[in-house]
Protein chains: 2
Amino acid sequence: MTRSLPPEVSAAQFDRALAGWRAIVGEPHVVTSADGLAAYLDPFAPGEASEFSASAALLPASVDEIRAVLRIANEFRIPLWTVSTGRNFAYGGAAPRLSGSVVLDLQRMNRIIEVNETLAYALVEPGVSYFDLYAHLRDKGYRLWVDPPAAGWGSVVGNTLERGFGYTDYGDHAATQCGMEVVLANGDVLRTGMGGIDIGTAWQLYRPGYGPSFDAMFMQSNYGIVTKLGVWLMPTPPAYLLGEIQFQHETDLDAIVEILRPLRLDDTIRNNAVIEGGLRRAAGLSARSPWYEGTGAMPESAVTAMLKKLGVGRWNLHFALYGAPELIDARYAIVQRAFARVPQAKFSATRYTGDAQPVAGGDRNLAGVPAMSAFRMLDWRGGAGAHVDFAPVCPASGRDALRQYTMIKTRAAEYGFDYYGGFTAGVRHLHHIFAAIFDRDDAYQLEQAGELLRSLMSDARAAGYGQYRAHLAYMDFAAAQYGFNDGALLRLSETIKDALDPNGILAPGKQGIWPEKWRDRRGYT
Amino acid sequence: MTRSLPPEVSAAQFDRALAGWRAIVGEPHVVTSADGLAAYLDPFAPGEASEFSASAALLPASVDEIRAVLRIANEFRIPLWTVSTGRNFAYGGAAPRLSGSVVLDLQRMNRIIEVNETLAYALVEPGVSYFDLYAHLRDKGYRLWVDPPAAGWGSVVGNTLERGFGYTDYGDHAATQCGMEVVLANGDVLRTGMGGIDIGTAWQLYRPGYGPSFDAMFMQSNYGIVTKLGVWLMPTPPAYLLGEIQFQHETDLDAIVEILRPLRLDDTIRNNAVIEGGLRRAAGLSARSPWYEGTGAMPESAVTAMLKKLGVGRWNLHFALYGAPELIDARYAIVQRAFARVPQAKFSATRYTGDAQPVAGGDRNLAGVPAMSAFRMLDWRGGAGAHVDFAPVCPASGRDALRQYTMIKTRAAEYGFDYYGGFTAGVRHLHHIFAAIFDRDDAYQLEQAGELLRSLMSDARAAGYGQYRAHLAYMDFAAAQYGFNDGALLRLSETIKDALDPNGILAPGKQGIWPEKWRDRRGYT
């Protein structure tokens, strides 16, 4: 195996850079061995994992070390790919978009800098996972909840920056972020919003500050390295109710969305309720093999039989109501009345008060407890389970939801994949998440998964739908969908990129944004 | 009177530019007469209004006209100051920061492009006022509310871009914005978020889109000209309750904030509740003269007598509960229980159902009806009433609120001004708004108002508080407070400014951001 080098950098130059970096972060924190770098490959790559491989990884311990690392990267024009913990395997894990980039892994910067119980927030570094923050809150006895995403090992900073989401009332992570510290490519360190006030105490309280607000510009971008991030936390509620409503018919989706939207709009349901497809719900209870052993997508008859046997709906709405018991009761009555209009809807609910907690992983997320239950999906198809996700934004209308569902399900079946998906309900939009689950040791399945994703993106483009996020391999394609006025939005993104990072050292190609130096790599993997 | 010219532009050059602009927007839409330009002076200037005066005003009717106007501005390096309707007199009206700038007045672009009742949003142009949008919704029978700010003549776009606020559950206007169309200095037209999808329908549904999100960067900034803006609207609630709680003691402020914060955090109270100072509440019912005729701030004894006679509290909490009647009742019971802990608290509430509406202007704002009641404050002190505002962000803690109140009240009295103010409650912060009311025909009062504002900003700086917004005269001073790491935030702002607007033609000096060409004007008025 030949040594991997950063693009357009000689072995001698790279050795000088590595020597410089070792002097900064310490010998053990510069990873160059093939074994060490394997951790930075895309574990679920829908193609060759080596297409997105790092030439080295650096693990700095402080902002000052990051600044020193940047000086060398600028000197040698070596691209860095920043990850917090790099744990979202659906979109590429810790692997860089531009092969040969050096991964800047911030997992050692893992301090929980502040928790304020009264004003309900935390300030954390990139290496802090949801598990870490949850444990800290519990150990110190703070009456505050985290809002965990589906996999609790993720970084709070990383998940928030990528606009991940969870399932409580604080489920929109980008919206519950407040205040950042950012290191720019030139080493300048800034604090956004009220963080500009040196002796202030409002950094985590009021987001915009004074003048233009930049926090949202540092999300899903390559404009800077976020080294501290404020997150709002939900005060522990006195009680809560976790509800499930099962629906029996595929086409009920239309009515579910139409009934749910007004309840989200008027704050009856305030959490990111999830409309889960039957097959995804079933996968939490069982593997696929008892129900179907053939190749290709599960036939309708097998799906129906499985759902019936497992007592799972075609669609399963999960929601949570938090607060005073009398308000929960009144709100639940409204929810029941509203969904009773759907024939054969089946209601169930569990109430919790005080410190009682649900047992099952998925339900624990709704109670602010991180879990790893999302990974059960990998067992669904057997073999070396992996998945790649397709996540189009869907207007919160029944017609659109049904249209996207039909479009994806049909196309997935064509390539031999089950519809494993669901809708996470914002207020006026739904995050439609479909996972193509495959056995990564099966070359044919691997190839088909990649083909399916490309087909789905073309379908979405033709229908006017756009993704909120994309795997490394599809970042350029997804960006190109946002093509109004010949790509004016991407032109703005790249103008700002070039102004902030003239040497193009920060995460070239992330979300389709290429610095001038590497712009010819667009679309090339 | 000599003719006003743009800075560093000769009369001959300016004539050529004006001729070009007349050919674009039409003769009647280029204003150069002294009479015509008087409308663009700061009507409440805390100093000489001519310090911030325009050399001309242009009223384009379309995006294409704006693009053509920009070409000429770039050619002659003439700064443009964009206003929507320019109606916020507390911060400078329609007057430009850099004297001699040409005002780009977008009031003719006043189309309501779309209203979607199902998904509860509108897409509007800059010339649409809250009155306009309200009338349109009412005339067409849409079951949607606007969230009006204190003065209903303001532009929806302008108010939102300046991060204004109203009083319903949709009171945080920056947070209820979704999607923008922006013309950059070079004439490029872009659409943010999902607006990048040409045939998409989610532009007003999901804010971030894909990749970095720029909407918040175009607020309180001079990076572009916003020509379309999406706003979320509140579905007409089936019922609502407007509540007032009067508190008798100055120091109750601490307890009010401490009790209100948890109710905002747990969504019992979801609107921007207002803790209104007694004197401001009284000014809605009476002028000052019956209670005090002397110079200087009203003595405590006179204030006490006035409040007693008018039946007004020292502090008056206004809040609103919207929704299903049974939920309103349950929530109001919680509010009453919570505030009953404050001795001598006096409760009152009015319930509305169906299309019933309150009569008084301030209350009408809480019912989604724009009004001009805010202007009653101008009668408070008599003469040619004017005011200039000081608006520090306050952590939602009783200690901070009391500290800011005491600081401002004491300093205001020193300069001869009453404490005319209150706190608009976000969740984790309060917008503390103080207005120095003066008679603009009284040279001494005018001078003292200016001196007071400067003193307050110094006080705030020493205490670690920052403003969310500032009058033209104080924009640089306010920006300088955000000084972390030797002004790193402003360095970022100006790096982006120079990349997007190399000729420095868009609103130089706005919020303290100066393009390279005009950077020597900082602090100079």
# chains A, B, ... in the order shown; residues from 1 in each chain; ligands from 1

call {"tool": "interface_residues", "arguments": {"of": "chain B", "to": "chain A", "cutoff": "7 Å", "atoms": "only C-alpha atoms", "output": "JSON, numbers by chain"}}
result
{"B": [119, 188, 189, 190, 191, 192, 196, 197, 198, 199, 200, 202, 205, 206, 209, 210, 211, 212, 213, 214, 216, 217, 218, 219, 220, 221, 266, 323, 327, 330, 395, 428, 429, 464, 465, 466, 467, 468, 469, 481, 482, 483, 484, 485, 488, 489, 495, 496, 499, 511]}

call {"tool": "write_last_selection", "arguments": {"atoms": "N, CA and C atoms", "output": "CSV table (one decimal), in the first residue's frame"}}
result
chain,number,residue,atom,x,y,z
B,119,LEU,N,-50.4,26.3,5.6
B,119,LEU,CA,-49.1,26.2,6.2
B,119,LEU,C,-48.7,27.5,6.9
B,188,ASP,N,-26.2,40.4,-8.1
B,188,ASP,CA,-26.6,38.9,-8.1
B,188,ASP,C,-27.8,38.8,-7.2
B,189,VAL,N,-28.8,38.0,-7.6
B,189,VAL,CA,-30.0,37.8,-6.9
B,189,VAL,C,-30.0,36.3,-6.4
B,190,LEU,N,-30.2,36.2,-5.1
B,190,LEU,CA,-30.2,34.8,-4.5
B,190,LEU,C,-31.4,34.6,-3.6
B,191,ARG,N,-31.7,33.4,-3.4
B,191,ARG,CA,-32.8,33.0,-2.5
B,191,ARG,C,-32.2,32.0,-1.5
B,192,THR,N,-32.5,32.3,-0.2
B,192,THR,CA,-31.9,31.6,0.9
B,192,THR,C,-32.7,30.3,1.1
B,196,GLY,N,-33.6,28.0,-2.9
B,196,GLY,CA,-32.7,27.7,-3.9
B,196,GLY,C,-33.2,26.6,-4.9
B,197,ILE,N,-34.3,25.9,-4.5
B,197,ILE,CA,-35.0,24.9,-5.3
B,197,ILE,C,-36.0,25.7,-6.2
B,198,ASP,N,-35.7,25.7,-7.5
B,198,ASP,CA,-36.5,26.5,-8.4
B,198,ASP,C,-38.0,26.2,-8.3
B,199,ILE,N,-38.3,24.9,-8.4
B,199,ILE,CA,-39.7,24.5,-8.5
B,199,ILE,C,-40.2,24.0,-7.1
B,200,GLY,N,-39.5,24.3,-6.1
B,200,GLY,CA,-39.8,23.8,-4.7
B,200,GLY,C,-41.0,24.6,-4.1
B,202,ALA,N,-41.1,24.7,-0.5
B,202,ALA,CA,-40.7,24.7,1.0
B,202,ALA,C,-39.9,25.9,1.4
B,205,LEU,N,-41.0,27.1,4.6
B,205,LEU,CA,-41.4,26.0,5.5
B,205,LEU,C,-40.2,25.5,6.4
B,206,TYR,N,-39.0,25.5,5.8
B,206,TYR,CA,-37.8,25.0,6.5
B,206,TYR,C,-36.7,26.0,6.3
B,209,GLY,N,-32.4,25.1,5.0
B,209,GLY,CA,-32.0,24.5,3.7
B,209,GLY,C,-30.8,23.6,3.9
B,210,TYR,N,-29.9,23.7,2.9
B,210,TYR,CA,-28.7,22.8,2.9
B,210,TYR,C,-27.5,23.6,2.9
B,211,GLY,N,-26.5,23.3,3.7
B,211,GLY,CA,-25.3,24.1,3.8
B,211,GLY,C,-25.5,25.3,4.7
B,212,PRO,N,-24.5,26.2,4.7
B,212,PRO,CA,-24.6,27.3,5.6
B,212,PRO,C,-25.9,28.1,5.4
B,213,SER,N,-26.5,28.6,6.5
B,213,SER,CA,-27.7,29.4,6.4
B,213,SER,C,-27.4,30.9,6.6
B,214,PHE,N,-27.8,31.7,5.6
B,214,PHE,CA,-27.4,33.1,5.6
B,214,PHE,C,-28.4,34.1,6.1
B,216,ALA,N,-29.8,35.0,8.9
B,216,ALA,CA,-29.5,35.8,10.1
B,216,ALA,C,-28.4,36.8,9.8
B,217,MET,N,-27.6,36.5,8.8
B,217,MET,CA,-26.4,37.3,8.4
B,217,MET,C,-26.9,38.6,7.7
B,218,PHE,N,-28.1,38.5,7.1
B,218,PHE,CA,-28.6,39.6,6.4
B,218,PHE,C,-29.5,40.5,7.3
B,219,MET,N,-29.6,40.1,8.6
B,219,MET,CA,-30.3,41.0,9.5
B,219,MET,C,-29.4,42.0,10.2
B,220,GLN,N,-29.8,43.2,10.4
B,220,GLN,CA,-29.0,44.2,11.0
B,220,GLN,C,-27.7,44.3,10.3
B,221,SER,N,-27.7,44.2,9.0
B,221,SER,CA,-26.4,44.2,8.3
B,221,SER,C,-26.5,45.0,7.1
B,266,ASP,N,-41.3,26.7,30.6
B,266,ASP,CA,-42.1,25.5,30.4
B,266,ASP,C,-43.3,25.7,29.5
B,323,GLY,N,-55.4,29.7,22.7
B,323,GLY,CA,-55.6,28.3,22.4
B,323,GLY,C,-57.0,27.9,22.8
B,327,LEU,N,-57.4,24.7,28.0
B,327,LEU,CA,-56.0,24.9,28.2
B,327,LEU,C,-55.7,26.3,28.7
B,330,ALA,N,-56.5,26.2,32.5
B,330,ALA,CA,-55.5,25.5,33.2
B,330,ALA,C,-54.2,26.3,33.3
B,395,PRO,N,-30.1,39.4,31.0
B,395,PRO,CA,-30.4,38.0,31.3
B,395,PRO,C,-31.7,38.0,32.1
B,428,ARG,N,-35.0,33.2,27.9
B,428,ARG,CA,-33.8,33.3,28.7
B,428,ARG,C,-33.2,34.7,28.8
B,429,HIS,N,-33.8,35.6,28.1
B,429,HIS,CA,-33.3,37.0,28.2
B,429,HIS,C,-34.5,37.9,28.2
B,464,GLY,N,-21.0,45.0,31.6
B,464,GLY,CA,-21.0,43.8,30.8
B,464,GLY,C,-22.3,43.5,30.0
B,465,TYR,N,-23.1,44.6,29.9
B,465,TYR,CA,-24.4,44.5,29.1
B,465,TYR,C,-24.1,45.0,27.7
B,466,GLY,N,-24.8,44.5,26.7
B,466,GLY,CA,-24.7,45.0,25.4
B,466,GLY,C,-26.1,45.3,24.8
B,467,GLN,N,-26.1,46.2,23.9
B,467,GLN,CA,-27.4,46.5,23.2
B,467,GLN,C,-27.7,45.6,22.1
B,468,TYR,N,-29.0,45.5,21.8
B,468,TYR,CA,-29.4,44.6,20.7
B,468,TYR,C,-29.6,45.5,19.4
B,469,ARG,N,-29.5,46.8,19.6
B,469,ARG,CA,-29.9,47.7,18.5
B,469,ARG,C,-29.5,49.1,18.9
B,481,GLN,N,-18.7,47.7,21.9
B,481,GLN,CA,-18.9,47.0,23.1
B,481,GLN,C,-18.6,45.5,22.9
B,482,TYR,N,-18.8,45.0,21.7
B,482,TYR,CA,-18.6,43.6,21.4
B,482,TYR,C,-17.2,43.4,21.0
B,483,GLY,N,-16.3,43.5,22.0
B,483,GLY,CA,-14.9,43.7,21.8
B,483,GLY,C,-14.0,42.5,22.0
B,484,PHE,N,-14.7,41.3,22.3
B,484,PHE,CA,-13.9,40.1,22.6
B,484,PHE,C,-12.7,39.9,21.6
B,485,ASN,N,-11.6,39.6,22.1
B,485,ASN,CA,-10.4,39.3,21.3
B,485,ASN,C,-10.1,40.5,20.3
B,488,ALA,N,-12.8,40.8,17.3
B,488,ALA,CA,-12.8,39.7,16.3
B,488,ALA,C,-14.1,39.6,15.5
B,489,LEU,N,-15.2,39.8,16.2
B,489,LEU,CA,-16.5,39.7,15.6
B,489,LEU,C,-16.6,40.8,14.5
B,495,THR,N,-14.6,41.6,7.0
B,495,THR,CA,-14.0,40.7,6.0
B,495,THR,C,-15.1,40.3,5.0
B,496,ILE,N,-16.3,39.9,5.6
B,496,ILE,CA,-17.4,39.5,4.7
B,496,ILE,C,-17.9,40.7,3.9
B,499,ALA,N,-15.7,41.4,1.0
B,499,ALA,CA,-15.8,40.4,-0.1
B,499,ALA,C,-17.1,40.6,-0.9
B,511,GLN,N,-24.8,49.4,11.7
B,511,GLN,CA,-24.4,48.6,12.9
B,511,GLN,C,-22.9,48.6,13.1

call {"tool": "residues_around", "arguments": {"residues": "segment 89-99 of chain B", "least_positions_apart": "2", "cutoff": "9 Å", "atoms": "only C-alpha atoms", "output": "ChimeraX atom specification"}}
result
/B:4-7,39-45,49-55,79-87,101-103,105,386-389,435,469-473,475,507-510,521,525

call {"tool": "select_by_dssp", "arguments": {"residues": "segment 345-516 of chain B", "states": "helix (DSSP H, G or I)", "output": "JSON, numbers by chain"}}
result
{"B": [361, 362, 363, 364, 365, 366, 373, 374, 375, 376, 377, 378, 379, 398, 399, 400, 401, 402, 403, 404, 405, 406, 407, 408, 409, 410, 411, 412, 413, 414, 443, 444, 445, 446, 447, 448, 449, 450, 451, 452, 453, 454, 455, 456, 457, 458, 459, 460, 461, 462, 463, 472, 473, 474, 475, 476, 477, 478, 479, 480, 481, 484, 485, 486, 487, 488, 489, 490, 491, 492, 493, 494, 495, 496, 497, 498, 499, 500, 510, 511, 512, 516]}

call {"tool": "residues_around", "arguments": {"residues": "Asp172 of chain A", "least_positions_apart": "6", "cutoff": "10 Å", "atoms": "only C-alpha atoms", "output": "PyMOL selection string"}}
result
chain A and resi 147+160+163-166+271-272+426

call {"tool": "atom_distance", "arguments": {"atom1": "atom CA of Ala61 of chain B", "atom2": "atom CA of Asn110 of chain B"}}
result
8.8 Å

call {"tool": "closest_residue", "arguments": {"among": "B:Val303, B:Leu317, B:Val312, B:Val226", "to": "Met109 of chain B", "atoms": "only C-alpha atoms"}}
result
B:Val226

call {"tool": "select_by_dssp", "arguments": {"residues": "segment 58-135 of chain B", "states": "strand (DSSP E or B)", "output": "JSON, numbers by chain"}}
result
{"B": [58, 80, 81, 82, 83, 102, 103, 104, 105, 112, 113, 114, 115, 116, 121, 122, 123, 124, 129]}

call {"tool": "residues_around", "arguments": {"residues": "Arg341 of chain B", "least_positions_apart": "3", "cutoff": "10 Å", "atoms": "only C-alpha atoms", "output": "list of chain:residue names"}}
result
B:Ala255, B:Ile256, B:Ile259, B:Gln336, B:Arg337, B:Ala338, B:Gln344, B:Ala345

call {"tool": "atom_distance", "arguments": {"atom1": "atom CA of Leu307 of chain A", "atom2": "atom CA of Thr410 of chain A"}}
result
19.4 Å
